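Asks: Have a look at the structure that comes next, please.
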Amino acid sequence: MKLAIDIEGALPRVGDHEHLGGAADAVLEDGYDLTFSPGEGIQWELDLHRISGGIEITGRVTGVVALQCYRCLEPFDFPVDIRMREHALMAAETVGPADDYAGEYMVEGGVLDLEPLFRDNIALAFPLKRVCDEACRGICPRCGANLNIENCTCGPEAVDARLKPLEELKRRLENGGEAPA
Ligand SMILES: [Zn+2]
Ligand SMILES: [Zn+2]
């Protein structure tokens, strides 16, 4: 899903202003990759102002983002209410090497992609402990049963080799959702 805004069409001149709203589903895949798809999970109301050399973006993003519980690995809704205040540079109006603008949001080819702005702002709101519930009992490392739903009869024995990948994922999520090196 492309969250692109045609800046040259909507705000052709310095001083132009545009209000825009929208919605999408936001899902944190695999512990670290925030993806957007058509839906109503989050809604945004933004004000865009064309200034000299760039665009000022202010507004609010509210709704729920689907996170993955690091104990039971099930998705759960995490509510967000984010005030955004960002700016993006008009790539065509920058001077000097592109490296000088690393880390800046850019309007490239007259188009502003909201995805990286949303991704960064939403990621800052995520809790350190991503659990569906403080009382979540997680999954059994031996048989993979979701202990919130069912009880298993496994004792505290060695982890089944077939479930190693699941353990790996769980460990990764517990380490703050870092991508594998
Ligand atoms: Zn859980
Ligand atoms: Zn078990």
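In the structure tokens, each chain is lettered A, B, ... as it comes, each chain's residues begin at 1, and ligands are numbered from 1 in order of appearance.
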Could I get the residue neighbourhood of ligand 1 at 7 Å, counting only C-alpha atoms and all ligand atoms, as a PyMOL selection string?
Replies: chain A and resi 69-74+131-133+136-138
Asks: As a PyMOL selection string, please: every protein or nucleic acid residue near ligand 2 (cut-off 7 Å, counting only C-alpha atoms and all ligand atoms).
Replies: chain A and resi 140-145+152-154
Asks: Smallest atom-to-atom distance to Phe36 in chain A: which of A:Glu115, A:Glu8, A:Asp100, A:Glu167, using only C-alpha atoms?
Replies: A:Glu115
Asks: Any idea what the distance is between CA of Leu11 in chain A and CA of Arg50 in chain A?
Replies: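 Between CA of Leu11 in chain A and CA of Arg50 in chain A the gap is 6.3 Å.
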Asks: Determine which residues of range 37-100 of chain A DSSP labels as helix (DSSP H, G or I) from the backbone of this structure, then write them out as a list in words.
Replies: Ala91, Ala92, Glu93, Ala98, Asp99 and Asp100 of chain A
Asks: Would you list the contacts of Leu48 in chain A as an NGL selection string, taking every protein, DNA or RNA residue within 7 Å and counting only C-alpha atoms, but skipping same-chain residues closer than 3 positions in sequence?
Replies: :A and (17-19 or 55-58)
Asks: List the neighbours of Glu29 in chain A out to 9 Å using only C-alpha atoms; skip same-chain residues closer than 2 positions along the sequence, and give me the result as an MDAnalysis selection string.
Replies: chainID A and resid 27 31:35 66:68
Asks: Env of range 108-110 of chain A: 7 Å cut, atoms = only C-alpha atoms, seq-sep filter 5 positions within chain, self excluded. Answer as an MDAnalysis selection string.
Replies: chainID A and resid 6:8 90:91
Asks: Identify all residues of chain A in strand (DSSP E) (DSSP on the backbone) and supply them as a count of residues only.
Replies: 73
Asks: Quick one: pull the distance between CA of Gly21 in chain A and CA of Asp47 in chain A, Å, one decimal.
Replies: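 Computing the Euclidean distance for CA of Gly21 in chain A and CA of Asp47 in chain A yields 8.9 Å.
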